[in-house]
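Quick look at structure.cif (mmCIF, C-alpha atoms and all ligand atoms):
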```cif
data_my_file
#
loop_
_atom_site.label_atom_id
_atom_site.label_comp_id
_atom_site.auth_asym_id
_atom_site.auth_seq_id
_atom_site.Cartn_x
_atom_site.Cartn_y
_atom_site.Cartn_z
CA MET O 1 123.13 109.69 123.55
CA ARG O 2 124.23 106.50 125.31
CA THR O 3 124.68 103.45 123.08
CA ASP O 4 124.94 100.71 125.73
CA VAL O 5 122.22 98.08 126.06
CA ASP O 6 121.50 99.04 129.68
CA TYR O 7 120.27 102.40 128.45
CA ALA O 8 117.85 100.68 126.03
CA ARG O 9 116.54 98.58 128.92
CA GLU O 10 116.10 101.69 131.07
CA LEU O 11 114.07 103.31 128.31
CA ASP O 12 111.89 100.19 128.06
CA ARG O 13 111.28 100.18 131.82
CA ALA O 14 110.19 103.82 131.66
CA ASP O 15 107.89 103.23 128.65
CA PRO O 16 104.24 103.90 129.59
CA LEU O 17 103.09 101.81 126.59
CA ALA O 18 105.26 98.76 127.35
CA ARG O 19 102.32 96.57 128.35
CA PHE O 20 100.86 96.71 124.83
CA ARG O 21 103.57 94.41 123.47
CA ASP O 22 101.90 91.54 125.34
CA GLU O 23 98.78 92.12 123.28
CA PHE O 24 100.62 90.76 120.21
CA VAL O 25 101.61 87.31 119.03
CA ILE O 26 105.42 87.27 119.28
CA ALA O 27 106.20 83.84 117.86
CA ASP O 28 109.97 84.22 118.12
CA PRO O 29 111.32 86.75 120.62
CA ASP O 30 114.73 86.63 118.91
CA THR O 31 113.31 87.91 115.61
CA ILE O 32 113.59 91.67 115.46
CA TYR O 33 110.68 92.92 113.42
CA LEU O 34 111.28 96.32 111.89
CA ASP O 35 108.64 96.06 109.18
CA GLY O 36 105.46 97.07 111.00
CA ASN O 37 105.35 99.95 108.52
CA SER O 38 104.60 97.38 105.79
CA LEU O 39 102.64 94.71 107.65
CA GLY O 40 101.79 95.16 111.33
CA ARG O 41 102.05 92.29 113.80
CA LEU O 42 99.06 90.13 114.74
CA PRO O 43 97.17 91.28 117.86
CA LYS O 44 96.01 88.30 119.97
CA GLN O 45 92.51 89.78 120.15
CA SER O 46 92.36 89.98 116.36
CA ALA O 47 93.22 86.30 116.04
CA ALA O 48 90.40 85.54 118.48
CA ARG O 49 88.03 87.87 116.60
CA VAL O 50 88.72 86.15 113.26
CA ARG O 51 87.96 82.78 114.87
CA GLU O 52 84.76 84.21 116.30
CA VAL O 53 83.60 85.64 112.95
CA VAL O 54 84.33 82.38 111.13
CA GLU O 55 83.10 79.87 113.69
CA GLN O 56 80.32 81.71 115.52
CA GLU O 57 79.03 84.42 113.21
CA TRP O 58 79.44 82.74 109.83
CA GLY O 59 79.32 79.16 111.17
CA THR O 60 76.16 79.48 113.26
CA ARG O 61 74.42 82.69 112.27
CA LEU O 62 74.88 82.29 108.52
CA ILE O 63 73.28 85.09 106.50
CA ARG O 64 71.68 86.53 109.62
CA GLY O 65 75.16 87.90 110.37
CA TRP O 66 74.53 90.76 107.96
CA GLY O 67 71.82 92.10 110.22
CA GLU O 68 73.92 91.51 113.33
CA GLY O 69 76.79 93.89 112.70
CA TRP O 70 78.26 93.01 109.31
CA PHE O 71 76.33 95.62 107.32
CA THR O 72 77.34 98.44 109.56
CA ALA O 73 80.99 97.36 109.93
CA PRO O 74 82.40 99.70 107.21
CA GLN O 75 80.80 102.74 108.91
CA ARG O 76 81.42 101.54 112.47
CA ILE O 77 85.13 100.85 111.92
CA GLY O 78 85.44 103.98 109.79
CA GLY O 79 84.09 105.95 112.75
CA LYS O 80 86.84 104.55 114.97
CA ILE O 81 89.55 105.34 112.42
CA ALA O 82 88.07 108.87 112.21
CA ARG O 83 89.14 109.43 115.83
CA LEU O 84 92.74 108.72 114.86
CA ILE O 85 92.78 111.17 111.97
CA GLY O 86 90.92 114.15 113.35
CA ALA O 87 87.72 113.57 111.38
CA ARG O 88 84.02 113.19 112.20
CA ASP O 89 82.79 109.64 112.50
CA ASP O 90 80.49 110.06 109.48
CA GLU O 91 83.37 111.14 107.23
CA VAL O 92 85.31 107.85 107.08
CA ILE O 93 84.34 104.46 105.67
CA VAL O 94 86.28 101.22 105.26
CA SER O 95 86.22 99.61 101.82
CA ASP O 96 88.26 98.21 98.95
CA SER O 97 92.02 98.86 98.72
CA THR O 98 93.87 102.16 99.02
CA SER O 99 94.47 102.16 95.26
CA VAL O 100 90.79 101.65 94.44
CA ASN O 101 89.70 104.31 96.94
CA LEU O 102 92.23 106.73 95.49
CA PHE O 103 90.85 106.08 92.01
CA LYS O 104 87.30 106.75 93.18
CA LEU O 105 88.24 110.04 94.82
CA ALA O 106 90.62 111.24 92.08
CA VAL O 107 88.01 110.71 89.35
CA ALA O 108 85.38 112.32 91.58
CA ALA O 109 87.65 115.34 92.09
CA LEU O 110 88.36 115.76 88.37
CA HIS O 111 84.64 115.59 87.71
CA ALA O 112 83.82 118.06 90.51
CA ARG O 113 86.37 120.58 89.22
CA ARG O 114 85.31 120.39 85.59
CA GLY O 115 87.13 122.93 83.45
CA ARG O 116 90.37 122.24 85.31
CA THR O 117 92.45 119.42 83.89
CA GLU O 118 95.49 118.86 86.11
CA ILE O 119 96.31 116.70 89.11
CA VAL O 120 99.48 117.67 90.97
CA THR O 121 101.58 115.09 92.79
CA ASP O 122 105.31 114.61 93.41
CA ASN O 123 107.96 112.00 92.77
CA LEU O 124 108.10 110.95 96.44
CA ASN O 125 104.61 109.51 96.08
CA PHE O 126 104.02 105.77 96.19
CA PRO O 127 104.18 104.39 92.62
CA SER O 128 100.73 102.77 92.86
CA ASP O 129 99.27 106.19 93.66
CA VAL O 130 101.00 107.64 90.63
CA TYR O 131 99.65 104.84 88.40
CA VAL O 132 96.14 105.41 89.75
CA LEU O 133 96.41 109.15 89.12
CA GLN O 134 97.76 108.52 85.61
CA GLY O 135 94.81 106.19 84.96
CA ALA O 136 92.31 108.71 86.33
CA CYS O 137 93.80 111.41 84.09
CA LYS O 138 93.63 109.13 81.09
CA ILE O 139 89.91 108.43 81.38
CA ALA O 140 88.99 111.99 82.41
CA ASP O 141 91.18 113.81 79.88
CA GLY O 142 93.37 115.17 82.65
CA LYS O 143 97.10 115.66 82.95
CA LEU O 144 99.40 114.68 85.81
CA GLN O 145 101.94 117.26 86.95
CA MET O 146 104.85 115.88 88.96
CA ALA O 147 106.72 118.18 91.34
CA ARG O 148 110.26 116.94 91.97
CA SER O 149 112.25 116.45 95.14
CA GLU O 150 115.77 117.80 94.94
CA ASP O 151 117.34 115.46 97.49
CA GLY O 152 115.10 112.40 97.21
CA ILE O 153 114.07 112.89 100.84
CA SER O 154 111.74 115.89 100.97
CA VAL O 155 109.82 118.31 98.79
CA SER O 156 109.52 121.92 99.89
CA THR O 157 106.16 123.62 100.18
CA ASP O 158 107.46 126.24 97.72
CA THR O 159 108.21 123.60 95.09
CA LEU O 160 104.67 122.28 95.44
CA ALA O 161 103.23 125.80 95.34
CA ARG O 162 104.97 126.40 92.00
CA ALA O 163 103.30 123.31 90.51
CA ILE O 164 99.78 124.27 91.65
CA ASN O 165 97.80 126.77 89.56
CA ALA O 166 94.36 127.80 88.33
CA ASN O 167 94.19 124.66 86.18
CA THR O 168 94.76 122.30 89.14
CA ALA O 169 91.73 120.20 90.01
CA LEU O 170 93.38 118.07 92.69
CA VAL O 171 96.60 117.91 94.69
CA SER O 172 97.33 114.33 95.76
CA LEU O 173 100.27 113.50 98.03
CA THR O 174 101.31 110.80 100.47
CA TYR O 175 101.54 112.48 103.86
CA THR O 176 104.44 110.33 105.11
CA ALA O 177 106.63 109.51 102.10
CA PHE O 178 106.98 105.75 101.71
CA LYS O 179 110.72 105.76 101.14
CA SER O 180 112.20 108.59 103.17
CA GLY O 181 109.50 108.96 105.84
CA TYR O 182 109.29 112.72 105.12
CA VAL O 183 106.15 114.34 106.57
CA TYR O 184 104.65 117.39 104.83
CA ASP O 185 103.13 120.50 106.33
CA MET O 186 99.52 119.38 105.92
CA ARG O 187 97.98 122.70 106.82
CA ALA O 188 100.20 124.79 104.53
CA VAL O 189 99.96 122.51 101.48
CA THR O 190 96.19 122.11 101.86
CA GLN O 191 95.88 125.89 102.08
CA ILE O 192 97.89 126.35 98.88
CA ALA O 193 95.65 123.87 97.07
CA HIS O 194 92.53 125.68 98.31
CA ASP O 195 93.88 129.12 97.44
CA ALA O 196 94.22 127.87 93.86
CA GLY O 197 90.65 126.48 93.96
CA ALA O 198 91.82 122.83 93.93
CA LEU O 199 90.83 119.92 96.15
CA MET O 200 93.43 118.31 98.45
CA LEU O 201 93.82 114.57 98.94
CA TRP O 202 96.26 112.97 101.39
CA ASP O 203 97.30 109.30 101.36
CA LEU O 204 97.68 108.36 105.02
CA CYS O 205 99.01 104.79 104.61
CA HIS O 206 102.30 105.44 106.41
CA SER O 207 100.80 107.82 108.95
CA VAL O 208 97.57 106.44 110.39
CA GLY O 209 98.12 104.75 113.74
CA ALA O 210 101.62 106.18 114.10
CA MET O 211 100.87 109.86 114.62
CA PRO O 212 97.91 112.12 115.32
CA LEU O 213 96.37 113.68 112.22
CA ALA O 214 94.11 116.72 112.05
CA LEU O 215 92.15 116.45 108.80
CA ASN O 216 89.22 118.62 109.89
CA GLU O 217 91.43 121.22 111.49
CA CYS O 218 93.51 121.49 108.31
CA GLU O 219 90.30 121.55 106.23
CA VAL O 220 91.43 118.56 104.18
CA ASP O 221 88.92 117.56 101.50
CA LEU O 222 89.80 113.93 100.82
CA ALA O 223 92.01 111.16 102.17
CA VAL O 224 92.72 107.46 101.75
CA GLY O 225 94.75 105.05 103.82
CA CYS O 226 95.42 101.39 104.51
CA THR O 227 94.83 99.36 107.65
CA TYR O 228 97.56 96.72 107.40
CA LYS O 229 100.56 98.81 108.46
CA TYR O 230 100.43 100.64 111.83
CA LEU O 231 96.77 99.71 112.30
CA ASN O 232 97.74 95.99 112.31
CA GLY O 233 94.59 94.99 110.38
CA GLY O 234 96.20 92.00 108.64
CA PRO O 235 97.53 91.21 105.16
CA GLY O 236 95.33 92.72 102.47
CA ALA O 237 92.87 94.17 105.00
CA PRO O 238 90.54 96.69 103.36
CA ALA O 239 91.45 100.35 103.27
CA PHE O 240 89.52 103.49 104.23
CA LEU O 241 88.53 106.72 102.59
CA TYR O 242 87.62 110.11 104.03
CA VAL O 243 85.39 112.70 102.38
CA ARG O 244 84.75 115.92 104.29
CA LYS O 245 81.10 116.16 105.30
CA ASP O 246 80.19 119.19 103.19
CA LEU O 247 81.56 117.47 100.07
CA GLN O 248 79.50 114.31 100.54
CA GLU O 249 76.06 115.69 99.85
CA GLY O 250 74.73 118.93 98.40
CA ALA O 251 71.71 120.77 99.77
CA ASN O 252 69.29 118.89 97.49
CA GLY O 253 70.81 115.46 98.12
CA ASP O 254 73.03 115.49 95.04
CA SER O 255 76.75 115.34 95.65
CA PRO O 256 79.52 117.70 94.66
CA LEU O 257 81.62 114.52 94.55
CA GLN O 258 80.41 111.42 92.80
CA ASN O 259 81.71 107.93 93.39
CA PRO O 260 82.57 106.80 89.84
CA ILE O 261 82.08 103.10 90.68
CA TRP O 262 78.38 102.78 91.30
CA GLY O 263 77.29 99.63 93.10
CA TRP O 264 74.54 98.37 95.35
CA PHE O 265 76.32 99.08 98.64
CA GLY O 266 76.46 102.75 97.68
CA GLN O 267 72.82 102.74 96.61
CA LYS O 268 69.99 104.36 98.52
CA ALA O 269 67.60 101.62 99.75
CA GLN O 270 69.70 98.87 98.16
CA PHE O 271 67.19 96.13 98.89
CA ASP O 272 64.50 97.85 96.86
CA PHE O 273 66.55 96.58 93.90
CA ASP O 274 65.56 99.57 91.80
CA LEU O 275 67.20 99.47 88.40
CA ASN O 276 68.25 103.13 88.56
CA TYR O 277 71.19 104.21 90.66
CA ALA O 278 70.54 106.78 93.39
CA PRO O 279 73.37 107.41 95.86
CA ALA O 280 72.95 106.48 99.51
CA PRO O 281 73.04 109.37 101.96
CA GLY O 282 76.39 110.51 103.33
CA ILE O 283 79.68 108.63 103.23
CA ALA O 284 77.98 105.28 102.36
CA ARG O 285 77.69 106.46 98.73
CA PHE O 286 81.42 105.84 98.38
CA LEU O 287 80.93 102.11 98.92
CA THR O 288 80.53 99.83 95.90
CA GLY O 289 80.23 96.10 96.61
CA THR O 290 79.89 93.68 99.52
CA PRO O 291 82.26 94.34 102.45
CA THR O 292 84.95 91.67 102.90
CA MET O 293 83.85 90.68 106.40
CA LEU O 294 86.61 88.20 107.25
CA SER O 295 89.21 90.90 106.59
CA LEU O 296 87.19 93.74 108.09
CA ALA O 297 86.53 92.19 111.47
CA PRO O 298 90.11 92.10 112.82
CA ILE O 299 90.64 95.75 111.91
CA GLU O 300 88.19 96.70 114.62
CA THR O 301 90.00 94.94 117.46
CA SER O 302 93.30 96.31 116.20
CA VAL O 303 92.05 99.91 116.02
CA ASP O 304 90.55 99.53 119.51
CA LEU O 305 94.05 98.71 120.81
CA ILE O 306 95.47 101.88 119.25
CA LEU O 307 92.65 103.96 120.72
CA GLN O 308 93.39 102.49 124.15
CA ALA O 309 97.09 103.28 123.86
CA GLY O 310 96.34 106.84 122.73
CA ILE O 311 97.66 108.27 119.48
CA GLU O 312 99.50 111.17 121.17
CA ARG O 313 101.40 108.76 123.42
CA LEU O 314 102.20 106.55 120.43
CA ARG O 315 103.65 109.50 118.53
CA ALA O 316 105.72 110.55 121.53
CA LYS O 317 107.20 107.05 121.77
CA SER O 318 107.72 106.82 118.02
CA VAL O 319 109.69 110.08 118.00
CA GLN O 320 111.79 108.94 120.95
CA GLN O 321 112.49 105.62 119.21
CA THR O 322 113.38 107.06 115.80
CA GLU O 323 115.68 109.57 117.55
CA TYR O 324 117.31 106.69 119.40
CA LEU O 325 117.73 104.68 116.21
CA ILE O 326 119.29 107.67 114.44
CA ALA O 327 121.71 108.18 117.36
CA LEU O 328 122.83 104.54 116.95
CA TRP O 329 123.16 105.02 113.18
CA GLU O 330 125.37 108.05 113.79
CA ALA O 331 127.58 106.26 116.31
CA TRP O 332 127.85 102.88 114.58
CA LEU O 333 126.82 102.98 110.93
CA ALA O 334 127.69 106.42 109.56
CA PRO O 335 131.43 105.67 109.99
CA LEU O 336 130.88 102.51 107.89
CA GLY O 337 129.53 104.45 104.90
CA VAL O 338 125.80 104.17 105.64
CA SER O 339 123.79 107.32 104.85
CA LEU O 340 120.68 108.60 106.57
CA ASN O 341 117.94 108.86 103.93
CA SER O 342 115.27 110.29 106.23
CA PRO O 343 114.79 113.79 107.64
CA ARG O 344 116.91 114.57 110.68
CA ASP O 345 114.20 116.75 112.19
CA ALA O 346 111.62 114.59 114.01
CA ARG O 347 108.86 117.12 113.28
CA CYS O 348 108.96 116.20 109.60
CA ARG O 349 109.69 112.48 109.98
CA GLY O 350 107.22 109.60 110.27
CA SER O 351 107.74 106.35 112.14
CA HIS O 352 110.28 104.69 109.86
CA VAL O 353 113.89 105.58 109.23
CA SER O 354 115.60 104.88 105.91
CA ILE O 355 119.28 104.27 105.57
CA GLY O 356 121.28 103.93 102.38
CA HIS O 357 124.22 101.83 101.22
CA PRO O 358 125.34 100.75 97.72
CA ASP O 359 124.94 97.10 98.86
CA ALA O 360 121.61 97.67 100.60
CA TRP O 361 119.93 94.75 98.81
CA ARG O 362 122.55 92.23 99.97
CA ILE O 363 122.69 93.69 103.46
CA ASN O 364 118.93 93.36 103.72
CA ARG O 365 119.13 89.71 102.64
CA ALA O 366 121.83 88.95 105.18
CA LEU O 367 119.75 90.57 107.93
CA ILE O 368 116.67 88.52 107.08
CA GLU O 369 118.35 85.22 106.30
CA GLU O 370 120.88 84.91 109.08
CA MET O 371 120.44 87.70 111.59
CA GLN O 372 116.71 87.37 112.37
CA VAL O 373 116.23 91.05 111.64
CA ILE O 374 113.33 91.95 109.32
CA PRO O 375 113.44 95.41 107.78
CA ASP O 376 112.59 96.01 104.13
CA PHE O 377 114.43 97.07 101.02
CA ARG O 378 113.34 99.80 98.65
CA ALA O 379 115.22 100.22 95.38
CA PRO O 380 117.78 101.28 94.54
CA ASP O 381 119.78 101.42 97.79
CA ASN O 382 117.40 101.93 100.67
CA ILE O 383 116.74 99.89 103.81
CA ARG O 384 113.65 100.96 105.75
CA LEU O 385 113.65 100.43 109.49
CA GLY O 386 110.06 100.63 110.69
CA ILE O 387 109.16 101.40 114.26
CA ALA O 388 105.71 100.44 115.50
CA PRO O 389 105.54 102.10 118.91
CA LEU O 390 102.74 99.80 120.06
CA TYR O 391 105.12 96.84 120.21
CA THR O 392 108.69 97.79 119.20
CA THR O 393 111.07 97.96 122.19
CA PHE O 394 114.19 100.06 122.63
CA ALA O 395 116.13 96.84 123.33
CA GLU O 396 115.03 95.50 119.92
CA ILE O 397 116.21 98.67 118.21
CA HIS O 398 119.54 98.37 119.99
CA GLU O 399 119.98 94.71 119.08
CA GLY O 400 118.73 95.21 115.49
CA MET O 401 121.24 97.99 114.91
CA ALA O 402 124.01 95.93 116.55
CA ARG O 403 123.30 93.04 114.16
CA LEU O 404 123.25 95.45 111.23
CA ARG O 405 126.66 96.75 112.29
CA ARG O 406 127.94 93.15 112.47
CA VAL O 407 126.71 92.46 108.90
CA LEU O 408 128.75 95.44 107.72
CA VAL O 409 131.88 94.99 109.83
CA GLU O 410 132.15 91.25 109.14
CA ARG O 411 131.01 91.75 105.50
CA VAL O 412 128.42 89.01 105.98
CA TYR O 413 126.41 90.43 103.04
CA GLU O 414 129.12 89.66 100.48
CA LYS O 415 128.04 86.05 100.11
CA TYR O 416 124.55 87.11 98.91
CA PRO O 417 123.94 87.67 95.20
CA ALA O 418 123.30 91.21 94.02
CA THR O 419 120.25 90.12 92.00
CA ARG O 420 116.89 90.93 93.53
CA ALA O 421 113.95 88.58 93.92
CA GLU O 422 111.88 88.61 97.14
CA VAL O 423 109.27 91.05 98.39
CA THR O 424 111.18 92.54 101.31
C1 LIG J 501 101.62 105.09 100.53
C2 LIG J 501 100.90 103.95 99.91
N1 LIG J 501 99.86 104.20 99.11
C3 LIG J 501 99.17 103.19 98.52
C4 LIG J 501 99.53 101.87 98.72
C5 LIG J 501 98.78 100.80 97.98
O1 LIG J 501 97.85 100.20 98.82
P1 LIG J 501 96.90 99.02 98.29
O2 LIG J 501 97.76 97.93 97.84
O3 LIG J 501 96.08 98.68 99.52
O4 LIG J 501 96.05 99.55 97.22
C6 LIG J 501 100.60 101.57 99.57
C7 LIG J 501 100.99 100.18 99.80
O5 LIG J 501 101.90 99.85 100.51
C8 LIG J 501 101.31 102.64 100.16
O6 LIG J 501 102.36 102.42 100.95
#
```

Spell out the structure here as structure tokens.
Amino acid sequence: MRTDVDYARELDRADPLARFRDEFVIADPDTIYLDGNSLGRLPKQSAARVREVVEQEWGTRLIRGWGEGWFTAPQRIGGKIARLIGARDDEVIVSDSTSVNLFKLAVAALHARRGRTEIVTDNLNFPSDVYVLQGACKIADGKLQMARSEDGISVSTDTLARAINANTALVSLTYTAFKSGYVYDMRAVTQIAHDAGALMLWDLCHSVGAMPLALNECEVDLAVGCTYKYLNGGPGAPAFLYVRKDLQEGANGDSPLQNPIWGWFGQKAQFDFDLNYAPAPGIARFLTGTPTMLSLAPIETSVDLILQAGIERLRAKSVQQTEYLIALWEAWLAPLGVSLNSPRDARCRGSHVSIGHPDAWRINRALIEEMQVIPDFRAPDNIRLGIAPLYTTFAEIHEGMARLRRVLVERVYEKYPATRAEVT
């Protein structure tokens, strides 16, 4: 592949999604943002929407706002996210954080599969997910089984299959691994869980908005995901959860899966203020408390942008961009001792690429502090380069990688201390 900047510009000119970059606030065009996989950029329409909610809806409509679209926002926005993940619009709802939603569904799954005591996960999972699963096991007398990756990048379907058995209540994995970007075979792993009589839960944080997902087609039972990465919902924006329709409500209105955190937003006829809990129909029973409207509102405008761009086209561009980035790594960085810590095969790679170096922490600091390149660091030696196909350009990837090469060749990183402090 060509490594000259003219080639990057050619690719940008041929990009059918190029116009979407203008939909974002780009405060400093010289800053190369490769961290949309942690916190997406701000869409201009979302900034306008937040102003509207604060000044018009809250400012002038006051509590009447609840009847004018606030109440239904978790379902309405969930329905839009459903289109991105191959689910029905009444199977997804926006609420709480990913961690809290995972807790709700993990406890519900352990309860629904009474008699079975194990949850299976793997050591590529996001630590917060592991903590949540450990906590769920602790209160429900369960046990967490951890399948192990051999290379730190991927886990084979066979390895997972060996960990799943007749005592497994739930298999819970992160579909795109947070560090390596490895993407599982959703259909095959879900099938293995089902064959053993277990429920399957996927964490979609690093997948939603970057690639098409087919939850219904793969017969996935449960899923959670965040909205602040590729969905560009804003810092701390609420997360979503998915429960397959037939698991939400049994024939007589009871549920095979019970939300363990009962609250009035998950209550049938909440304004009757009955003192006995009775779950609301459908997916709403997985809500607990009042929706965080100021954080919810901008998710909708951001998801609308993704729907306009088209998730298939976004995936096509993401694959082309990660391939391009890896070609530059091979030409420029591999000879300087930088490893590729992501899968080489695009079919099992998400939208970020991880590279490794013993001085990754210092290199990352040098990039942020004097090169205007923002990736992120993941211990012990990993730099994640996130590509958000809605706004990342090929020219940015070219320039970002060129600056990274300069940091290495000129040993710019050596003046930074090896001790870690900041978030990225
Ligand atoms: C894969 C994954 N799961 C879960 C979380 C935790 O999300 P939250 O802080 O919204 O609970 C994150 C956060 O980055 C994540 O990347």

Which is closest to Gln75 (chain O) among O:Trp329, O:Phe178, O:Phe265, O:Tyr228, if we use all atoms listed in the file?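 When distances to Gln75 (chain O) are compared using all atoms listed in the file, the smallest one comes from O:Phe265.
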
Do you know which residues are at most 12 Å from Ala334 (chain O) counting only C-alpha atoms, after dropping those on the same chain fewer than 5 positions away, and could you put them as a count of residues only? 14

Take the point (118.1, 100.2, 109.4) in the file's coordinates, draw a sphere of radius 10 Å around it, and report as a count of residues only every protein, DNA or RNA residue with an atom inside or on it, counting all atoms listed in the file. 32

First collect every listed atom of ligand LIG 501 (chain J); then fit an axis-aligned box around them, widen it by 5 Å on each side, and give centre and edge lengths in Å to one decimal, as AutoDock Vina command-line options.
```
--center_x 99.2 --center_y 101.5 --center_z 99.1 --size_x 16.3 --size_y 17.2 --size_z 13.7
```

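Between CA of Arg21 (chain O) and CA of Ser342 (chain O) the interatomic distance comes to 26.2 Å.
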
Which residues of region 165-193 of chain O have any atom within 12 Å of an atom in region 107-111 of chain O when counting all atoms listed in the file, and what is the closest pair of atoms for each, with the distance in Å to one decimal? Order the rows by chain and rising number and write it as JSON lines.
```
{"residue": "O:Asn167", "atom": "CA", "partner": "O:Leu110", "partner_atom": "CA", "distance": 10.9}
{"residue": "O:Thr168", "atom": "CA", "partner": "O:Leu110", "partner_atom": "CA", "distance": 9.2}
{"residue": "O:Ala169", "atom": "CA", "partner": "O:Leu110", "partner_atom": "CA", "distance": 5.8}
{"residue": "O:Leu170", "atom": "CA", "partner": "O:Ala109", "partner_atom": "CA", "distance": 6.4}
{"residue": "O:Val171", "atom": "CA", "partner": "O:Ala109", "partner_atom": "CA", "distance": 9.7}
{"residue": "O:Ser172", "atom": "CA", "partner": "O:Ala109", "partner_atom": "CA", "distance": 10.4}
```

Could those residues be written to a file, using C-alpha atoms, as a CSV table (one decimal), keeping the file's coordinate frame?
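The result, written out as selection-v6.csv:
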```csv
chain,number,residue,atom,x,y,z
O,167,ASN,CA,94.2,124.7,86.2
O,168,THR,CA,94.8,122.3,89.1
O,169,ALA,CA,91.7,120.2,90.0
O,170,LEU,CA,93.4,118.1,92.7
O,171,VAL,CA,96.6,117.9,94.7
O,172,SER,CA,97.3,114.3,95.8
```

Pick out the closest residue to Ala196 (chain O) from this set: O:Arg349, O:Met211, O:Gln270, O:Val120. Count only C-alpha atoms.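 Closest to Ala196 (chain O) of all the choices is O:Val120.
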
Could you list, as JSON, numbers by chain, all the residues within 10 Å of ligand LIG 501 (chain J), counting all atoms listed in the file? {"O": [37, 38, 39, 96, 97, 98, 99, 100, 101, 102, 103, 124, 125, 126, 127, 128, 129, 130, 132, 173, 174, 175, 176, 177, 178, 179, 202, 203, 204, 205, 206, 207, 224, 225, 226, 227, 228, 229, 235, 236, 237, 238, 239, 240]}

Measure the distance from CA of Ser154 (chain O) to CA of Arg378 (chain O) in Å and round it to one decimal.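 Going from CA of Ser154 (chain O) over to CA of Arg378 (chain O), I get 16.3 Å.
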
From the set O:Glu414, O:Asn232, O:Tyr324, O:Val220, which residue has the shortest atom-to-atom contact distance to Leu305 (chain O), counting all atoms listed in the file?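 Ranked by minimum distance to Leu305 (chain O), first place goes to O:Asn232.
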
Need the neighbours of (114.1, 91.5, 95.2): which residues are at most 12 Å away, counting only C-alpha atoms, as number ranges by chain? O: 360-362, 364-365, 376-381, 416-424

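We find CA of Glu399 (chain O) and CA of Thr3 (chain O) to be spaced 10.7 Å apart.
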
Under the rule that all atoms listed in the file are counted, which of O:Trp70, O:Tyr413, O:Tyr391, O:Trp264 is the nearest residue to Pro29 (chain O)?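 Checking each candidate against Pro29 (chain O), we get O:Tyr391 as the closest.
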
Looking at only C-alpha atoms, which of O:Tyr131, O:Trp332, O:Tyr230, O:Phe24 is the one that sits closest to Ile81 (chain O)? O:Tyr230
